[in-house]
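Data block for model-v4.txt (compact mmCIF, C-alpha atoms):
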# COMPACT_ATOMS: atom_id res chain seq x y z
CA MET A 1211 -331.25 -59.26 -69.30
CA PHE A 1212 -334.42 -58.39 -71.21
CA SER A 1213 -332.77 -55.49 -73.03
CA ALA A 1214 -329.95 -57.84 -74.14
CA ILE A 1215 -332.53 -60.29 -75.52
CA ILE A 1216 -334.34 -57.49 -77.37
CA THR A 1217 -331.04 -56.28 -78.85
CA CYS A 1218 -330.20 -59.85 -79.96
CA LEU A 1219 -333.62 -60.19 -81.61
CA ARG A 1220 -333.22 -56.87 -83.44
CA VAL A 1221 -329.73 -57.84 -84.61
CA ALA A 1222 -331.11 -61.22 -85.72
CA ASN A 1223 -333.77 -59.43 -87.76
CA TRP A 1224 -331.17 -57.22 -89.41
CA LEU A 1225 -329.12 -60.33 -90.22
CA ASN A 1226 -332.28 -61.95 -91.60
CA TRP A 1227 -332.76 -59.09 -94.09
CA ILE A 1228 -329.04 -58.89 -94.94
CA ALA A 1229 -328.98 -62.66 -95.61
CA ALA A 1230 -332.22 -62.45 -97.63
CA THR A 1231 -330.82 -59.61 -99.75
CA LEU A 1232 -327.49 -61.36 -100.32
CA LEU A 1233 -329.20 -64.64 -101.22
CA THR A 1234 -331.63 -62.92 -103.60
CA VAL A 1235 -328.80 -61.06 -105.34
CA PHE A 1236 -326.67 -64.22 -105.47
CA PHE A 1237 -329.39 -66.42 -106.97
CA ALA A 1238 -330.52 -63.65 -109.34
CA VAL A 1239 -326.94 -63.26 -110.59
CA LEU A 1240 -326.54 -67.03 -110.79
CA LEU A 1241 -329.75 -67.58 -112.74
CA SER A 1242 -329.22 -64.65 -115.09
CA ASP A 1243 -325.80 -66.16 -115.83
CA ALA A 1244 -324.03 -62.84 -115.20
CA GLY A 1245 -320.28 -63.36 -115.50
CA GLY A 1246 -320.81 -66.94 -116.60
CA LEU A 1247 -321.53 -67.99 -113.02
CA ARG A 1248 -324.40 -70.28 -113.98
CA ALA A 1249 -322.28 -72.03 -116.59
CA ASP A 1250 -319.57 -72.60 -113.95
CA VAL A 1251 -322.08 -74.09 -111.49
CA PHE A 1252 -323.82 -76.19 -114.14
CA ALA A 1253 -320.49 -77.53 -115.38
CA GLY A 1254 -320.43 -79.73 -112.30
CA PHE A 1255 -323.60 -81.55 -113.41
CA ASP A 1256 -324.58 -83.72 -116.37
CA SER A 1257 -326.37 -81.78 -119.09
CA SER A 1258 -329.50 -83.88 -118.42
CA ALA A 1259 -329.61 -82.49 -114.87
CA HIS A 1260 -329.31 -78.82 -115.83
CA GLU A 1261 -333.06 -78.28 -115.97
CA THR A 1262 -333.56 -79.92 -112.58
CA VAL A 1263 -330.79 -77.83 -111.00
CA ARG A 1264 -332.17 -74.64 -112.60
CA ASP A 1265 -335.64 -75.38 -111.21
CA TYR A 1266 -334.07 -76.00 -107.81
CA LEU A 1267 -332.32 -72.62 -107.89
CA TYR A 1268 -335.50 -70.84 -109.00
CA GLY A 1269 -337.33 -72.58 -106.17
CA ILE A 1270 -334.84 -71.31 -103.61
CA LEU A 1271 -335.04 -67.80 -105.08
CA ALA A 1272 -338.83 -67.90 -104.75
CA LEU A 1273 -338.57 -69.01 -101.10
CA VAL A 1274 -336.09 -66.37 -99.87
CA LEU A 1275 -338.43 -63.38 -99.65
CA PRO A 1276 -341.48 -65.16 -98.10
CA ILE A 1277 -339.24 -66.77 -95.47
CA ALA A 1278 -337.53 -63.43 -94.72
CA VAL A 1279 -340.94 -61.78 -94.25
CA ALA A 1280 -342.14 -64.62 -91.98
CA VAL A 1281 -338.94 -64.46 -89.89
CA HIS A 1282 -339.31 -60.66 -89.68
CA MET A 1283 -342.90 -60.97 -88.44
CA LEU A 1284 -341.83 -63.55 -85.87
CA LEU A 1285 -338.78 -61.66 -84.54
CA VAL A 1286 -340.46 -58.24 -84.36
CA ARG A 1287 -343.37 -59.66 -82.37
CA LEU A 1288 -341.10 -61.69 -80.11
CA ALA A 1289 -339.07 -58.53 -79.33
CA ALA A 1290 -342.30 -56.65 -78.51
CA LEU A 1291 -343.42 -59.55 -76.31
CA VAL A 1292 -340.11 -59.57 -74.41
CA ARG A 1293 -340.35 -55.76 -73.99
CA ASP A 1294 -343.85 -56.08 -72.52
CA ALA A 1295 -342.69 -58.93 -70.25
CA ALA A 1296 -339.89 -56.69 -68.98
CA GLU A 1297 -342.44 -53.98 -68.18
CA GLY A 1298 -344.69 -56.49 -66.38
CA ILE A 1299 -347.55 -56.20 -68.86
CA ALA A 1300 -347.12 -59.50 -70.69
CA PHE A 1301 -350.70 -60.70 -70.21
CA SER A 1302 -352.61 -58.56 -72.70
CA GLU A 1303 -354.84 -59.10 -75.72
CA ILE A 1304 -352.20 -57.55 -77.97
CA ASN A 1305 -349.58 -60.09 -76.85
CA ALA A 1306 -352.04 -62.93 -77.42
CA ALA A 1307 -352.49 -61.59 -80.96
CA ARG A 1308 -348.70 -61.35 -81.35
CA LEU A 1309 -348.33 -65.01 -80.34
CA ARG A 1310 -350.98 -66.02 -82.87
CA VAL A 1311 -349.12 -64.15 -85.64
CA MET A 1312 -345.89 -65.83 -84.50
CA GLY A 1313 -347.65 -69.20 -84.75
CA TRP A 1314 -348.82 -68.50 -88.31
CA SER A 1315 -345.35 -67.18 -89.24
CA LEU A 1316 -343.68 -70.32 -87.93
CA LEU A 1317 -346.21 -72.46 -89.75
CA ALA A 1318 -345.35 -70.61 -92.97
CA ILE A 1319 -341.63 -71.18 -92.34
CA ASN A 1320 -342.24 -74.90 -91.73
CA ILE A 1321 -344.28 -75.22 -94.92
CA ALA A 1322 -341.53 -73.39 -96.83
CA ASP A 1323 -339.03 -75.83 -95.30
CA LEU A 1324 -341.13 -78.77 -96.49
CA PHE A 1325 -341.25 -77.24 -99.96
CA TYR A 1326 -337.47 -76.79 -99.85
CA GLY A 1327 -337.15 -80.44 -98.81
CA TRP A 1328 -339.33 -81.57 -101.70
CA MET A 1329 -337.19 -79.52 -104.11
CA SER A 1330 -333.99 -80.95 -102.62
CA VAL A 1331 -335.21 -84.54 -102.97
CA ARG A 1332 -336.33 -83.84 -106.54
CA ALA A 1333 -332.99 -82.19 -107.39
CA SER A 1334 -331.04 -85.04 -105.77
CA GLU A 1335 -332.97 -87.63 -107.78
CA GLY A 1336 -332.62 -85.65 -111.02
CA SER A 1337 -328.93 -84.85 -110.74
CA GLY A 1338 -327.50 -87.78 -108.80
CA GLU A 1339 -325.92 -85.28 -106.36
CA TYR A 1340 -327.07 -84.96 -102.74
CA PHE A 1341 -328.90 -81.67 -102.04
CA GLY A 1342 -328.93 -81.72 -98.27
CA TRP A 1343 -332.17 -81.52 -96.29
CA SER A 1344 -333.56 -83.43 -93.34
CA PHE A 1345 -336.98 -83.36 -91.74
CA THR A 1346 -337.19 -81.98 -88.21
CA LEU A 1347 -340.17 -82.04 -85.87
CA THR A 1348 -339.02 -79.16 -83.64
CA GLY A 1349 -340.63 -76.41 -85.71
CA TRP A 1350 -343.86 -78.36 -86.10
CA ILE A 1351 -344.12 -78.88 -82.34
CA ALA A 1352 -343.50 -75.16 -81.73
CA VAL A 1353 -346.47 -74.13 -83.91
CA PRO A 1354 -349.27 -75.59 -81.74
CA LEU A 1355 -347.29 -74.52 -78.68
CA LEU A 1356 -347.48 -70.88 -79.86
CA PHE A 1357 -351.22 -71.12 -80.50
CA VAL A 1358 -351.79 -72.67 -77.06
CA LEU A 1359 -349.66 -69.93 -75.50
CA ALA A 1360 -351.74 -67.32 -77.34
CA HIS A 1361 -354.86 -68.83 -75.75
CA VAL A 1362 -353.19 -68.83 -72.31
CA PHE A 1363 -352.21 -65.17 -72.74
CA ARG A 1364 -355.76 -64.25 -73.76
CA GLU A 1365 -357.13 -65.98 -70.65
CA GLY A 1366 -354.43 -64.28 -68.57
CA ALA A 1367 -355.37 -60.89 -70.01
CA GLN A 1368 -359.02 -61.51 -69.10
CA MET A 1369 -358.08 -62.57 -65.56
CA ARG A 1370 -355.87 -59.51 -65.16
CA GLU A 1371 -358.67 -57.24 -66.34
CA ASP A 1372 -361.07 -58.86 -63.86
CA LEU A 1373 -358.55 -58.50 -61.06
CA GLU A 1374 -358.04 -54.83 -61.86
CA GLY A 1375 -361.81 -54.32 -61.65
CA THR A 1376 -362.04 -56.04 -58.26
CA ILE A 1377 -362.48 -53.75 -55.30
CA MET B 1152 -372.81 -66.11 -69.66
CA PRO B 1153 -374.37 -62.66 -69.14
CA ASN B 1154 -372.99 -59.67 -70.96
CA ASP B 1155 -370.51 -57.83 -68.72
CA ASP B 1156 -371.62 -54.47 -70.06
CA ALA B 1157 -375.16 -54.98 -68.88
CA HIS B 1158 -374.65 -54.82 -65.11
CA ARG B 1159 -377.69 -56.21 -63.35
CA ILE B 1160 -376.20 -55.80 -59.91
CA SER B 1161 -376.46 -52.18 -58.86
CA VAL B 1162 -374.51 -50.66 -56.00
CA ARG B 1163 -376.47 -48.49 -53.62
CA LEU B 1164 -373.55 -47.18 -51.63
CA ASP B 1165 -374.59 -43.60 -52.34
CA ASP B 1166 -378.02 -44.10 -50.76
CA VAL B 1167 -376.59 -45.77 -47.63
CA LEU B 1168 -373.96 -43.04 -47.26
CA ARG B 1169 -376.66 -40.37 -47.51
CA GLU B 1170 -378.75 -42.13 -44.87
CA ARG B 1171 -375.72 -42.29 -42.56
CA GLU B 1172 -374.75 -38.70 -43.43
CA MET B 1173 -371.28 -39.90 -44.27
CA THR B 1174 -369.04 -38.89 -47.17
CA LEU B 1175 -367.11 -41.21 -49.42
CA THR B 1176 -363.88 -39.72 -48.06
CA ASP B 1177 -364.91 -40.58 -44.48
CA LEU B 1178 -365.72 -44.13 -45.51
CA SER B 1179 -362.46 -44.56 -47.39
CA GLU B 1180 -360.52 -43.54 -44.27
CA ARG B 1181 -362.51 -45.93 -42.09
CA VAL B 1182 -362.31 -49.00 -44.31
CA GLY B 1183 -358.78 -48.37 -45.56
CA LEU B 1184 -359.67 -48.29 -49.25
CA THR B 1185 -358.58 -45.58 -51.64
CA LEU B 1186 -361.12 -42.95 -52.58
CA ALA B 1187 -360.59 -43.90 -56.24
CA ASN B 1188 -361.53 -47.54 -55.62
CA LEU B 1189 -364.58 -46.62 -53.55
CA SER B 1190 -365.64 -44.22 -56.27
CA ILE B 1191 -365.36 -47.05 -58.85
CA LEU B 1192 -367.55 -49.19 -56.59
CA LYS B 1193 -370.07 -46.39 -56.01
CA THR B 1194 -370.47 -45.63 -59.71
CA GLY B 1195 -371.03 -49.31 -60.55
CA LYS B 1196 -367.86 -49.62 -62.62
CA ALA B 1197 -366.34 -52.37 -60.46
CA LYS B 1198 -366.32 -55.90 -61.89
CA ALA B 1199 -366.22 -57.65 -58.53
CA ILE B 1200 -366.11 -56.96 -54.81
CA ARG B 1201 -364.05 -58.89 -52.27
CA PHE B 1202 -365.82 -60.26 -49.18
CA SER B 1203 -363.24 -58.43 -47.04
CA THR B 1204 -364.20 -55.11 -48.70
CA LEU B 1205 -367.91 -55.82 -48.32
CA GLU B 1206 -367.38 -56.80 -44.69
CA ALA B 1207 -365.45 -53.60 -43.93
CA ILE B 1208 -368.07 -51.40 -45.57
CA CYS B 1209 -370.94 -53.18 -43.79
CA ARG B 1210 -369.10 -52.87 -40.50
CA GLU B 1211 -368.52 -49.14 -40.86
CA LEU B 1212 -371.97 -48.36 -42.27
CA GLU B 1213 -373.70 -50.78 -39.89
CA CYS B 1214 -375.67 -52.35 -42.70
CA GLN B 1215 -376.17 -55.66 -44.50
CA PRO B 1216 -374.73 -56.59 -47.93
CA GLY B 1217 -378.29 -56.50 -49.23
CA ASP B 1218 -378.52 -52.83 -48.30
CA LEU B 1219 -375.56 -52.09 -50.58
CA LEU B 1220 -376.28 -54.37 -53.52
CA ALA B 1221 -379.44 -54.97 -55.50
CA TYR B 1222 -380.35 -57.19 -58.42
CA ASP B 1223 -382.17 -55.36 -61.20
CA LYS B 1224 -384.48 -57.70 -63.11
CA THR B 1225 -384.97 -55.38 -66.07

Represent the structure of the file as C-alpha cells.
Amino acid sequence: MFSAIITCLRVANWLNWIAATLLTVFFAVLLSDAGGLRADVFAGFDSSAHETVRDYLYGILALVLPIAVAVHMLLVRLAALVRDAAEGIAFSEINAARLRVMGWSLLAINIADLFYGWMSVRASEGSGEYFGWSFTLTGWIAVPLLFVLAHVFREGAQMREDLEGTI
Amino acid sequence: MPNDDAHRISVRLDDVLREREMTLTDLSERVGLTLANLSILKTGKAKAIRFSTLEAICRELECQPGDLLAYDKT
C-alpha cells in the first residue's frame, strides 16, 4: 500500500511540473500576443477592462512557478515521510523537519491562493465578468496541523532515542 | 534539565564483576541480556536502566544497586 502511495505522490509531482510548464508557456504566449491570442481573449472584454485583465494574467503567470515549487517541496517530503513510515522509522528528527517544511510550503500555497483571490475579485470588479475564486478554510487548518505534527514527531524521535538507550 | 552528555551517574559494573571474578559474558548468560547491551551499560553509554535489569544484575552479582551506580558530584 505504501509503495502505491509513494508512486501516486511521485506521479502527482510530475503532473505538477507538467501543469506548471504548460501554464507558464500558455500565459507567456497569451501575454506576448503570439498568434493574436491575446487580442482574441481581450475581444471578449470592454476596452476599459483590458488593463485589468492583463494585470490578472500577469498575476497568474507570476504565481505559477512559486506554487509549483511549494507543491514540489510538499510532495517530495510527503513521499519521503511515507517511505520512512513503511520502513518503521517515521519518528525521527529528519521527518519532523520534513513536516515543518511541508507546513511552510502549505502556508505559501495558501498565501498564493489568497493573492489569487484578491486578483480575481479585482479583475471581476474591473471587467464585470466573474473570475471564479472562493475562500476555503481547509488549507489554513492543515498548516497548524502540520506544525503540531512536526512537534509530535520531534518528541517521538526523542522518546525513541531514549528507549533505544534503555537497557 | 541536566545536559545528557555530561553523565553524572557512573556505572561500576566493571569493578563489581572484577570483585566477583565474573566476566561480562557470564553475566549476560545469567541475566538474559545481550553482551552488546551489557557492554553499553558497562561503558556508561546507556541512557536509562530498567528496574528489571537492575534487579537481575543485583541478583546474579549478589549486590545492591548502590554498588553498581554512583553519583559523581564533579

Exercise for the section: Write out as number ranges by chain which residues come within 8 Å of stretch 1168-1183 of chain B when counting all atoms listed in the file, dropping same-chain ones fewer than 4 positions away. Expected result: B: 1164, 1189-1190, 1204, 1207-1208, 1211-1212

Handout entry: Shell around B:Ile1191 at 12 Å using all atoms listed in the file, local window under 5 positions removed, as a list of chain:residue names
Key =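 Non-adjacent residues within range: A:Glu1374, A:Gly1375, A:Thr1376, A:Ile1377, B:Val1162, B:Leu1164, B:Asp1165, B:Leu1175, B:Leu1184, B:Thr1185, B:Leu1186, B:Lys1196, B:Ala1197, B:Lys1198, B:Ala1199, B:Ile1200.
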
Please, could you write that set of residues out with C-alpha atoms as a JSON list (two decimals), in the frame of the given file?
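So the final result, stored in out_3.json, reads:
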[["chain", "number", "residue", "atom", "x", "y", "z"],
["A", 1374, "GLU", "CA", -358.04, -54.83, -61.86],
["A", 1375, "GLY", "CA", -361.81, -54.32, -61.65],
["A", 1376, "THR", "CA", -362.04, -56.04, -58.26],
["A", 1377, "ILE", "CA", -362.48, -53.75, -55.30],
["B", 1162, "VAL", "CA", -374.51, -50.66, -56.00],
["B", 1164, "LEU", "CA", -373.55, -47.18, -51.63],
["B", 1165, "ASP", "CA", -374.59, -43.60, -52.34],
["B", 1175, "LEU", "CA", -367.11, -41.21, -49.42],
["B", 1184, "LEU", "CA", -359.67, -48.29, -49.25],
["B", 1185, "THR", "CA", -358.58, -45.58, -51.64],
["B", 1186, "LEU", "CA", -361.12, -42.95, -52.58],
["B", 1196, "LYS", "CA", -367.86, -49.62, -62.62],
["B", 1197, "ALA", "CA", -366.34, -52.37, -60.46],
["B", 1198, "LYS", "CA", -366.32, -55.90, -61.89],
["B", 1199, "ALA", "CA", -366.22, -57.65, -58.53],
["B", 1200, "ILE", "CA", -366.11, -56.96, -54.81]]

Tell me, as a PDB file with C-alpha atoms, in the frame of the given file, which residues lie within 9 Å of A:Val1311, counting all atoms listed in the file; anything in the same chain fewer than 3 positions away does not count.
ATOM      1  CA  MET A1283    -342.900 -60.970 -88.440  1.00  0.00           C
ATOM      2  CA  LEU A1284    -341.830 -63.550 -85.870  1.00  0.00           C
ATOM      3  CA  ARG A1287    -343.370 -59.660 -82.370  1.00  0.00           C
ATOM      4  CA  ALA A1306    -352.040 -62.930 -77.420  1.00  0.00           C
ATOM      5  CA  ALA A1307    -352.490 -61.590 -80.960  1.00  0.00           C
ATOM      6  CA  ARG A1308    -348.700 -61.350 -81.350  1.00  0.00           C
ATOM      7  CA  TRP A1314    -348.820 -68.500 -88.310  1.00  0.00           C
ATOM      8  CA  SER A1315    -345.350 -67.180 -89.240  1.00  0.00           C
ATOM      9  CA  LEU A1316    -343.680 -70.320 -87.930  1.00  0.00           C
ATOM     10  CA  PHE A1357    -351.220 -71.120 -80.500  1.00  0.00           C
TER      11      PHE A1357
END

Exercise for the section: Give me the residues within 12 Å of A:Asp1294 as a count of residues only, counting only C-alpha atoms and dropping any in the same chain fewer than 4 places off. Expected result: 17

Handout entry: Nearest-residue call for chain B, choices A:Leu1373, A:Ile1351, A:Leu1232, A:Ala1318, using all atoms listed in the file
Key =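 Of A:Leu1373, A:Ile1351, A:Leu1232, A:Ala1318, the one nearest chain B is A:Leu1373, counting all atoms listed in the file.
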
Handout entry: Atomic separation - atom CA of A:Ala1322 relative to atom CA of A:Ile1277, Å
Key = 7.1 Å

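Between chain A and the residues B:Thr1194, B:Val1167, B:Arg1159, B:Leu1205, the shortest atom-to-atom distance, using all atoms listed in the file, involves B:Leu1205.
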
Practice task
Just give me the gap between atom CA of A:Ser1334 and atom CA of A:Val1274 in Å, one decimal is fine.
Solution key: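 A separation of 20.2 Å between them.
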
Practice task
One decimal, Å: what's the distance from atom CA of A:Tyr1340 over to atom CA of A:Gly1327, could you say?
Solution key: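 Atom CA of A:Gly1327 lies at a distance of 11.7 Å from atom CA of A:Tyr1340.
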
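When all atoms listed in the file are used to measure the gap to chain A, the shortest distance among B:Leu1192, B:Cys1214, B:Ile1160, B:Leu1219 belongs to B:Leu1192.
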
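Around the point (-334.8, -84.8, -110.0), within 12 Å and counting all atoms listed in the file, we find these residues: Ser1258, Ala1259, His1260, Glu1261, Thr1262, Val1263, Arg1264, Asp1265, Tyr1266, Trp1328, Met1329, Ser1330, Val1331, Arg1332, Ala1333, Ser1334, Glu1335, Gly1336, Ser1337, Gly1338, Glu1339, Tyr1340 and Phe1341 of chain A.
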
Since we have the selection now, will you write its residues out, keeping C-alpha atoms, as a short mmCIF file (atom, residue, chain, number, x, y, z; two decimals), in the coordinates of the input?
data_model
loop_
_atom_site.label_atom_id
_atom_site.label_comp_id
_atom_site.auth_asym_id
_atom_site.auth_seq_id
_atom_site.Cartn_x
_atom_site.Cartn_y
_atom_site.Cartn_z
CA SER A 1258 -329.50 -83.88 -118.42
CA ALA A 1259 -329.61 -82.49 -114.87
CA HIS A 1260 -329.31 -78.82 -115.83
CA GLU A 1261 -333.06 -78.28 -115.97
CA THR A 1262 -333.56 -79.92 -112.58
CA VAL A 1263 -330.79 -77.83 -111.00
CA ARG A 1264 -332.17 -74.64 -112.60
CA ASP A 1265 -335.64 -75.38 -111.21
CA TYR A 1266 -334.07 -76.00 -107.81
CA TRP A 1328 -339.33 -81.57 -101.70
CA MET A 1329 -337.19 -79.52 -104.11
CA SER A 1330 -333.99 -80.95 -102.62
CA VAL A 1331 -335.21 -84.54 -102.97
CA ARG A 1332 -336.33 -83.84 -106.54
CA ALA A 1333 -332.99 -82.19 -107.39
CA SER A 1334 -331.04 -85.04 -105.77
CA GLU A 1335 -332.97 -87.63 -107.78
CA GLY A 1336 -332.62 -85.65 -111.02
CA SER A 1337 -328.93 -84.85 -110.74
CA GLY A 1338 -327.50 -87.78 -108.80
CA GLU A 1339 -325.92 -85.28 -106.36
CA TYR A 1340 -327.07 -84.96 -102.74
CA PHE A 1341 -328.90 -81.67 -102.04
#
